[in-house]
Structure formats: C-alpha cells, structure tokens
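Novice: Input file: coords_23.tsv. Contents: TSV, C-alpha atoms.
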chain	number	residue	atom	x	y	z
Z	277	GLY	CA	0.00	0.00	0.00
Z	278	GLN	CA	0.95	3.63	-0.11
Z	279	GLN	CA	3.18	4.76	2.69
Z	280	LEU	CA	5.03	7.92	3.47
Z	281	ASN	CA	8.32	7.36	5.25
Z	282	GLN	CA	9.02	10.44	7.30
Z	283	SER	CA	12.39	11.08	8.89
Z	284	PRO	CA	13.77	11.72	11.34
Z	285	GLN	CA	11.24	10.49	13.90
Z	286	SER	CA	12.48	13.08	16.40
Z	287	MET	CA	14.96	15.92	16.61
Z	288	PHE	CA	16.49	17.80	19.54
Z	289	ILE	CA	18.08	21.08	18.53
Z	290	GLN	CA	19.28	24.35	20.01
Z	291	GLU	CA	17.43	27.57	19.41
Z	292	GLY	CA	18.79	29.29	16.31
Z	293	GLU	CA	19.71	26.10	14.47
Z	294	ASP	CA	18.26	25.15	11.12
Z	295	VAL	CA	16.12	22.01	10.78
Z	296	SER	CA	15.53	19.68	7.87
Z	297	MET	CA	13.05	16.81	7.62
Z	298	ASN	CA	11.77	14.78	4.70
Z	299	CYS	CA	9.18	12.35	3.44
Z	300	THR	CA	9.76	9.67	0.85
Z	301	SER	CA	7.61	7.08	-0.86
Z	302	SER	CA	7.77	4.42	-3.52
Z	303	SER	CA	4.56	5.85	-5.01
Z	304	ILE	CA	4.06	8.97	-7.09
Z	305	PHE	CA	1.99	11.79	-5.60
Z	306	ASN	CA	0.63	14.92	-7.25
Z	307	THR	CA	0.30	17.06	-4.12
Z	308	TRP	CA	2.37	17.35	-0.97
Z	309	LEU	CA	1.32	19.09	2.22
Z	310	TRP	CA	3.14	19.89	5.45
Z	311	TYR	CA	1.31	20.28	8.76
Z	312	LYS	CA	2.36	21.22	12.29
Z	313	GLN	CA	0.61	19.91	15.39
Z	314	ASP	CA	1.07	21.55	18.78
Z	315	PRO	CA	0.57	19.36	21.86
Z	316	GLY	CA	-3.12	18.66	22.44
Z	317	GLU	CA	-4.22	20.48	19.30
Z	318	GLY	CA	-5.20	19.59	15.75
Z	319	PRO	CA	-2.72	19.80	12.83
Z	320	VAL	CA	-2.38	23.19	11.15
Z	321	LEU	CA	-1.53	23.44	7.46
Z	322	LEU	CA	1.84	25.11	6.87
Z	323	ILE	CA	2.61	24.69	3.16
Z	324	ALA	CA	0.95	23.07	0.13
Z	325	LEU	CA	2.92	22.01	-2.97
Z	326	TYR	CA	1.23	21.21	-6.28
Z	327	LYS	CA	3.97	20.93	-8.88
Z	328	ALA	CA	7.07	18.73	-9.14
Z	329	GLY	CA	10.16	20.77	-8.38
Z	330	GLU	CA	8.14	23.53	-6.71
Z	331	LEU	CA	9.89	25.36	-3.86
Z	332	THR	CA	7.61	27.33	-1.53
Z	333	SER	CA	8.33	29.45	1.53
Z	334	ASN	CA	6.19	30.53	4.44
Z	335	GLY	CA	8.24	32.78	6.70
Z	336	ARG	CA	11.13	30.74	8.08
Z	337	LEU	CA	9.72	27.56	6.53
Z	338	THR	CA	10.66	26.29	3.09
Z	339	ALA	CA	9.30	23.14	1.46
Z	340	GLN	CA	10.03	21.46	-1.85
Z	341	PHE	CA	8.10	18.99	-4.00
Z	342	GLY	CA	10.66	16.45	-5.23
Z	343	ILE	CA	11.28	16.25	-8.96
Z	344	THR	CA	10.50	12.52	-9.00
Z	345	ARG	CA	7.14	13.27	-7.26
Z	346	LYS	CA	8.02	10.63	-4.67
Z	347	ASP	CA	9.42	12.89	-1.97
Z	348	SER	CA	9.28	16.26	-0.25
Z	349	PHE	CA	11.32	18.08	2.36
Z	350	LEU	CA	10.68	20.82	4.89
Z	351	ASN	CA	13.33	23.18	6.22
Z	352	ILE	CA	12.98	25.51	9.20
Z	353	SER	CA	15.58	28.23	9.51
Z	354	ALA	CA	16.74	29.88	12.73
Z	355	SER	CA	14.50	27.78	14.98
Z	356	ILE	CA	12.73	29.34	17.97
Z	357	PRO	CA	11.09	27.68	21.00
Z	358	SER	CA	7.58	27.97	19.55
Z	359	ASP	CA	8.64	25.72	16.64
Z	360	VAL	CA	8.26	22.80	19.07
Z	361	GLY	CA	5.66	20.30	17.92
Z	362	ILE	CA	5.05	17.41	15.55
Z	363	TYR	CA	5.48	18.03	11.83
Z	364	PHE	CA	3.55	15.82	9.42
Z	365	CYS	CA	3.84	15.38	5.71
Z	366	ALA	CA	0.76	14.37	3.73
Z	367	ALA	CA	0.26	13.60	0.06
Z	368	ARG	CA	-2.45	12.93	-2.47
Z	369	ARG	CA	-1.83	10.19	-4.98
Z	370	SER	CA	-1.93	10.75	-8.71
Z	371	GLY	CA	-5.14	9.33	-10.11
Z	372	GLY	CA	-6.40	8.47	-6.67
Z	373	SER	CA	-9.40	9.66	-4.73
Z	374	ASN	CA	-9.78	13.41	-4.72
Z	375	TYR	CA	-10.49	13.27	-1.04
Z	376	LYS	CA	-8.02	11.01	0.64
Z	377	LEU	CA	-4.59	11.94	1.91
Z	378	THR	CA	-1.77	9.66	2.97
Z	379	PHE	CA	0.07	10.86	6.09
Z	380	GLY	CA	3.58	10.36	7.39
Z	381	LYS	CA	3.95	9.42	11.06
Z	382	GLY	CA	5.47	12.73	12.00
Z	383	THR	CA	8.73	14.29	13.19
Z	384	LEU	CA	8.76	15.43	16.81
Z	385	LEU	CA	10.79	18.63	17.11
Z	386	THR	CA	12.17	19.84	20.43
Z	387	VAL	CA	13.95	23.19	20.60
Z	388	ASN	CA	16.15	23.95	23.58
Z	389	PRO	CA	16.25	27.67	24.41
V	40	ASP	CA	-10.05	31.63	7.95
V	41	VAL	CA	-11.47	28.14	7.87
V	42	LYS	CA	-12.86	27.14	11.20
V	43	VAL	CA	-13.49	23.54	12.18
V	44	THR	CA	-14.88	23.01	15.65
V	45	GLN	CA	-15.42	19.84	17.63
V	46	SER	CA	-18.02	19.51	20.35
V	47	SER	CA	-15.70	18.40	23.15
V	48	ARG	CA	-11.98	18.65	23.81
V	49	TYR	CA	-12.00	15.89	26.41
V	50	LEU	CA	-14.50	13.09	26.92
V	51	VAL	CA	-14.58	10.17	29.36
V	52	LYS	CA	-17.04	7.33	28.71
V	53	ARG	CA	-17.64	3.83	30.00
V	54	THR	CA	-17.37	0.61	28.02
V	55	GLY	CA	-20.60	-0.11	26.19
V	56	GLU	CA	-21.84	3.48	26.11
V	57	LYS	CA	-22.97	5.09	22.87
V	58	VAL	CA	-20.73	8.04	22.08
V	59	PHE	CA	-21.37	10.95	19.71
V	60	LEU	CA	-18.57	13.19	18.49
V	61	GLU	CA	-19.72	16.28	16.60
V	62	CYS	CA	-17.81	18.36	14.08
V	63	VAL	CA	-18.90	21.63	12.47
V	64	GLN	CA	-17.16	23.63	9.73
V	65	ASP	CA	-18.06	27.15	8.66
V	66	MET	CA	-16.51	27.32	5.18
V	67	ASP	CA	-19.16	25.52	3.13
V	68	HIS	CA	-16.76	22.65	2.42
V	69	GLU	CA	-18.14	19.62	0.64
V	70	ASN	CA	-15.77	17.08	2.17
V	71	MET	CA	-15.48	16.13	5.81
V	72	PHE	CA	-13.31	13.51	7.48
V	73	TRP	CA	-12.88	11.69	10.76
V	74	TYR	CA	-9.46	10.43	11.82
V	75	ARG	CA	-8.07	8.86	14.93
V	76	GLN	CA	-4.52	9.52	16.05
V	77	ASP	CA	-2.53	7.09	18.18
V	78	PRO	CA	1.14	7.17	19.20
V	79	GLY	CA	3.30	5.34	16.68
V	80	LEU	CA	0.41	4.84	14.26
V	81	GLY	CA	-0.10	8.38	13.00
V	82	LEU	CA	-3.41	9.57	11.57
V	83	ARG	CA	-5.79	6.87	10.34
V	84	LEU	CA	-8.92	7.65	8.36
V	85	ILE	CA	-12.13	6.26	9.86
V	86	TYR	CA	-14.82	7.66	7.52
V	87	PHE	CA	-15.26	10.52	5.13
V	88	SER	CA	-18.18	12.26	3.46
V	89	TYR	CA	-18.14	14.13	0.14
V	90	ASP	CA	-21.71	15.40	0.29
V	91	VAL	CA	-24.75	15.53	2.54
V	92	LYS	CA	-25.95	12.02	3.34
V	93	MET	CA	-23.00	10.51	1.47
V	94	LYS	CA	-20.28	8.60	3.27
V	95	GLU	CA	-17.42	6.26	2.50
V	96	LYS	CA	-15.42	3.97	4.71
V	97	GLY	CA	-11.85	4.87	5.41
V	98	ASP	CA	-9.09	2.55	6.53
V	99	ILE	CA	-10.47	1.61	9.97
V	100	PRO	CA	-14.29	1.92	9.99
V	101	GLU	CA	-15.00	-1.07	12.26
V	102	GLY	CA	-16.82	-0.08	15.42
V	103	TYR	CA	-17.79	3.35	14.06
V	104	SER	CA	-20.59	4.92	12.07
V	105	VAL	CA	-21.15	8.45	10.81
V	106	SER	CA	-23.96	10.83	9.98
V	107	ARG	CA	-24.03	13.86	7.67
V	108	GLU	CA	-27.51	15.38	7.64
V	109	LYS	CA	-26.32	18.94	7.00
V	110	LYS	CA	-23.40	20.16	4.94
V	111	GLU	CA	-21.65	21.86	7.84
V	112	ARG	CA	-21.95	19.01	10.35
V	113	PHE	CA	-20.37	15.56	10.44
V	114	SER	CA	-20.92	13.24	13.38
V	115	LEU	CA	-18.92	10.20	14.43
V	116	ILE	CA	-20.79	7.56	16.44
V	117	LEU	CA	-19.36	4.81	18.57
V	118	GLU	CA	-22.32	2.45	18.96
V	119	SER	CA	-20.80	0.59	21.93
V	120	ALA	CA	-17.57	2.13	23.11
V	121	SER	CA	-14.65	-0.16	23.91
V	122	THR	CA	-11.35	0.53	25.64
V	123	ASN	CA	-9.43	0.13	22.38
V	124	GLN	CA	-11.29	3.18	21.08
V	125	THR	CA	-9.48	5.39	23.56
V	126	SER	CA	-7.74	7.85	21.26
V	127	MET	CA	-7.47	11.38	19.91
V	128	TYR	CA	-10.21	11.97	17.31
V	129	LEU	CA	-9.65	14.62	14.67
V	130	CYS	CA	-12.20	16.05	12.27
V	131	ALA	CA	-11.15	17.77	9.03
V	132	SER	CA	-12.81	19.40	6.03
V	133	SER	CA	-11.81	20.32	2.48
V	134	PHE	CA	-13.30	22.07	-0.52
V	135	GLY	CA	-14.94	20.27	-3.46
V	136	THR	CA	-13.44	17.69	-5.77
V	137	SER	CA	-10.19	19.60	-6.16
V	138	GLY	CA	-9.76	20.36	-2.48
V	139	THR	CA	-6.62	18.59	-1.36
V	140	GLU	CA	-5.93	20.89	1.58
V	141	GLN	CA	-7.65	19.53	4.66
V	142	PHE	CA	-8.28	21.79	7.62
V	143	PHE	CA	-8.43	20.18	11.03
V	144	GLY	CA	-10.38	20.82	14.20
V	145	PRO	CA	-8.70	20.92	17.63
V	146	GLY	CA	-9.40	17.26	18.37
V	147	THR	CA	-11.34	15.33	20.99
V	148	ARG	CA	-9.39	13.20	23.40
V	149	LEU	CA	-11.69	10.28	24.24
V	150	THR	CA	-11.00	7.94	27.12
V	151	VAL	CA	-13.09	4.78	27.44
V	152	LEU	CA	-12.93	3.17	30.87
As structure tokens, what does this structure read like?
Specialist:
Amino acid sequence: GQQLNQSPQSMFIQEGEDVSMNCTSSSIFNTWLWYKQDPGEGPVLLIALYKAGELTSNGRLTAQFGITRKDSFLNISASIPSDVGIYFCAARRSGGSNYKLTFGKGTLLTVNP
Amino acid sequence: DVKVTQSSRYLVKRTGEKVFLECVQDMDHENMFWYRQDPGLGLRLIYFSYDVKMKEKGDIPEGYSVSREKKERFSLILESASTNQTSMYLCASSFGTSGTEQFFGPGTRLTVL
C-alpha cells in the first residue's frame, strides 16, 4: 500500500539552528502538504505544494516537492522555542481519490532555548 | 479563515456506552473527514463524506458509524464504546473535488474506561 516514510522520527536542537526533515515514498503523488501539530491540538496546514520541483516558503519555513514526485522536504531556519511540535507530511496520490490523503507518522521537534 | 470546531476537547465514557462526536465547519466545504490519532500509528482515516448524506469507509471503519444530515456538520458515532477506542479523534474538512488541503479541528481526546 501507499506509505510515506518520514524522517527523522524526532529531533532535539538548540534555538537558532536550522532544521531539515523529509518524506519519501515508492509511489508517485501529485500534491504534498506539510502540517504542524502543537501538543493537544489539531494539525495546522503550513505549506501546500502542487507541482514537481516547486519550492515554496512561508516565513522561516521552506518546502520542496521532489522532482520525482516521490518525496518532499521541509526546512525551518533559525528555529525558535515555539517551533516545538510534531510536523507531518501528507500527500495525495496521482489518479487516486480526490479526497483522501496519505500521512507520514510525523517528526517530533524539540527546541532547547 | 477556515474554522473547524469539535463539540468536546476531552470526553470520558464507559465501556458499552454510545458516544457521539460532533464536528462543524463554517466554510461551506463539501468534504469532511474523521481520523483517529494514536502514538506510533499516526493519523488513520475512519470515515469521510463528500456530500450531505454521502459517506465512505476509510481505513479503519469497524466499530464506528457516521452521519451527515447537513453540509456543515459531520458526526462520528461509537455504537458501543470499547477501551481500544481510547484515542485522539480529529475532524477535518476540504473544498470540493479539487480540495486537497484539509483543515483540522482541535481534536477530541476520548477515554473509554
């Protein structure tokens, strides 16, 4: 079945450091999304990517849709304590249901002040 | 801004009780979803609905049913709650047939004793 392999599972960094995480799959997807979930809250959409090779920024966040359409990465620059949370990738398969997303299992980010 | 609200943030029920989880969205979205989120397993789709009175099973529908009588409201029903249904339940919505971006509610943490 379709799976998104998200790595790393967790990261412990110092405030000010840059962060990089990625999602890979053996399947082709036509849309990639990145979400952040704060403890006890629902996921919040950070960035949506619709085209292979696309690079999109949202403040200190930058995400790219891999050229093979099988992967995506998210970078956070100059991390701050409020970046703490779980980051999820999600993707919609080419030719698949218009409604269903496949989710990665998340990267838990801890930022030490 | 899209707003998705869920009726309860925390709920404690006893085994065998009938449980209703309510979700309301205010953006006139056609699609609504129910997920459960468990440590190590990520987000798993229970049911989704692409129109009023329409529903489709997700990946783990056993033990659950849903109701969509109005466009803005999507209910998840546990006919006879069991302890293995203790989880975080997340509702989401998205726009039309092209709406990949799903917007999540804050979640309901359900404990079944």
Novice: One decimal, Å: what's the distance from CA of Leu50 in chain V over to CA of Asn123 in chain V, could you say?
Specialist: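 Between these atoms lies a distance of 14.6 Å.
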Novice: Just want the 12 Å neighbourhood of range 311-317 of chain Z, counted on only C-alpha atoms, with same-chain residues fewer than 5 positions away dropped. Output as a PDB file with C-alpha atoms, keeping the file's coordinate frame.
Specialist:
ATOM      1  CA  LEU Z 322       1.840  25.110   6.870  1.00  0.00           C
ATOM      2  CA  ILE Z 323       2.610  24.690   3.160  1.00  0.00           C
ATOM      3  CA  ALA Z 324       0.950  23.070   0.130  1.00  0.00           C
ATOM      4  CA  LEU Z 325       2.920  22.010  -2.970  1.00  0.00           C
ATOM      5  CA  LEU Z 337       9.720  27.560   6.530  1.00  0.00           C
ATOM      6  CA  ALA Z 339       9.300  23.140   1.460  1.00  0.00           C
ATOM      7  CA  LEU Z 350      10.680  20.820   4.890  1.00  0.00           C
ATOM      8  CA  ILE Z 352      12.980  25.510   9.200  1.00  0.00           C
ATOM      9  CA  PRO Z 357      11.090  27.680  21.000  1.00  0.00           C
ATOM     10  CA  SER Z 358       7.580  27.970  19.550  1.00  0.00           C
ATOM     11  CA  ASP Z 359       8.640  25.720  16.640  1.00  0.00           C
ATOM     12  CA  VAL Z 360       8.260  22.800  19.070  1.00  0.00           C
ATOM     13  CA  GLY Z 361       5.660  20.300  17.920  1.00  0.00           C
ATOM     14  CA  ILE Z 362       5.050  17.410  15.550  1.00  0.00           C
ATOM     15  CA  TYR Z 363       5.480  18.030  11.830  1.00  0.00           C
ATOM     16  CA  PHE Z 364       3.550  15.820   9.420  1.00  0.00           C
ATOM     17  CA  CYS Z 365       3.840  15.380   5.710  1.00  0.00           C
ATOM     18  CA  ALA Z 366       0.760  14.370   3.730  1.00  0.00           C
ATOM     19  CA  ALA Z 367       0.260  13.600   0.060  1.00  0.00           C
ATOM     20  CA  PHE Z 379       0.070  10.860   6.090  1.00  0.00           C
ATOM     21  CA  GLY Z 380       3.580  10.360   7.390  1.00  0.00           C
ATOM     22  CA  LYS Z 381       3.950   9.420  11.060  1.00  0.00           C
ATOM     23  CA  GLY Z 382       5.470  12.730  12.000  1.00  0.00           C
ATOM     24  CA  THR Z 383       8.730  14.290  13.190  1.00  0.00           C
ATOM     25  CA  LEU Z 384       8.760  15.430  16.810  1.00  0.00           C
ATOM     26  CA  LEU Z 385      10.790  18.630  17.110  1.00  0.00           C
ATOM     27  CA  THR Z 386      12.170  19.840  20.430  1.00  0.00           C
TER      28      THR Z 386
ATOM     29  CA  THR V  44     -14.880  23.010  15.650  1.00  0.00           C
ATOM     30  CA  GLN V  45     -15.420  19.840  17.630  1.00  0.00           C
ATOM     31  CA  ARG V  48     -11.980  18.650  23.810  1.00  0.00           C
ATOM     32  CA  TYR V  49     -12.000  15.890  26.410  1.00  0.00           C
ATOM     33  CA  GLN V  76      -4.520   9.520  16.050  1.00  0.00           C
ATOM     34  CA  GLY V  81      -0.100   8.380  13.000  1.00  0.00           C
ATOM     35  CA  LEU V  82      -3.410   9.570  11.570  1.00  0.00           C
ATOM     36  CA  SER V 126      -7.740   7.850  21.260  1.00  0.00           C
ATOM     37  CA  MET V 127      -7.470  11.380  19.910  1.00  0.00           C
ATOM     38  CA  TYR V 128     -10.210  11.970  17.310  1.00  0.00           C
ATOM     39  CA  LEU V 129      -9.650  14.620  14.670  1.00  0.00           C
ATOM     40  CA  CYS V 130     -12.200  16.050  12.270  1.00  0.00           C
ATOM     41  CA  GLU V 140      -5.930  20.890   1.580  1.00  0.00           C
ATOM     42  CA  GLN V 141      -7.650  19.530   4.660  1.00  0.00           C
ATOM     43  CA  PHE V 142      -8.280  21.790   7.620  1.00  0.00           C
ATOM     44  CA  PHE V 143      -8.430  20.180  11.030  1.00  0.00           C
ATOM     45  CA  GLY V 144     -10.380  20.820  14.200  1.00  0.00           C
ATOM     46  CA  PRO V 145      -8.700  20.920  17.630  1.00  0.00           C
ATOM     47  CA  GLY V 146      -9.400  17.260  18.370  1.00  0.00           C
ATOM     48  CA  THR V 147     -11.340  15.330  20.990  1.00  0.00           C
ATOM     49  CA  ARG V 148      -9.390  13.200  23.400  1.00  0.00           C
TER      50      ARG V 148
END
Novice: Is there a way to get, as a PDB file with C-alpha atoms, in the coordinates of the input, all residues within 9 Å of the point (12.5, 14.5, 6.9) in file coordinates, counting only C-alpha atoms?
Specialist:
ATOM      1  CA  ASN Z 281       8.320   7.360   5.250  1.00  0.00           C
ATOM      2  CA  GLN Z 282       9.020  10.440   7.300  1.00  0.00           C
ATOM      3  CA  SER Z 283      12.390  11.080   8.890  1.00  0.00           C
ATOM      4  CA  PRO Z 284      13.770  11.720  11.340  1.00  0.00           C
ATOM      5  CA  GLN Z 285      11.240  10.490  13.900  1.00  0.00           C
ATOM      6  CA  SER Z 296      15.530  19.680   7.870  1.00  0.00           C
ATOM      7  CA  MET Z 297      13.050  16.810   7.620  1.00  0.00           C
ATOM      8  CA  ASN Z 298      11.770  14.780   4.700  1.00  0.00           C
ATOM      9  CA  CYS Z 299       9.180  12.350   3.440  1.00  0.00           C
ATOM     10  CA  THR Z 300       9.760   9.670   0.850  1.00  0.00           C
ATOM     11  CA  SER Z 348       9.280  16.260  -0.250  1.00  0.00           C
ATOM     12  CA  PHE Z 349      11.320  18.080   2.360  1.00  0.00           C
ATOM     13  CA  LEU Z 350      10.680  20.820   4.890  1.00  0.00           C
ATOM     14  CA  ASN Z 351      13.330  23.180   6.220  1.00  0.00           C
ATOM     15  CA  CYS Z 365       3.840  15.380   5.710  1.00  0.00           C
ATOM     16  CA  GLY Z 382       5.470  12.730  12.000  1.00  0.00           C
ATOM     17  CA  THR Z 383       8.730  14.290  13.190  1.00  0.00           C
TER      18      THR Z 383
END
Novice: Of the candidates V:Asn70, V:Gln64, V:Ser88, V:Ser121, which shows the shortest atom-to-atom distance to Gly102 in chain V, using only C-alpha atoms?
Specialist: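 Ranked by minimum distance to Gly102 in chain V, first place goes to V:Ser121.
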Novice: Choose the residue, out of V:Arg112, V:Arg107, V:Lys94, V:Arg83, that has the smallest atom-to-atom separation from chain Z; count all atoms listed in the file.
Specialist: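 So, comparing all the options, the nearest one is V:Arg83.
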Novice: Using only C-alpha atoms for the distances, tell me which of V:Leu84, V:Lys109, V:Ser114, V:Ser104 is nearest to chain Z.
Specialist: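 Between V:Leu84, V:Lys109, V:Ser114, V:Ser104, the residue approaching chain Z most closely is V:Leu84.
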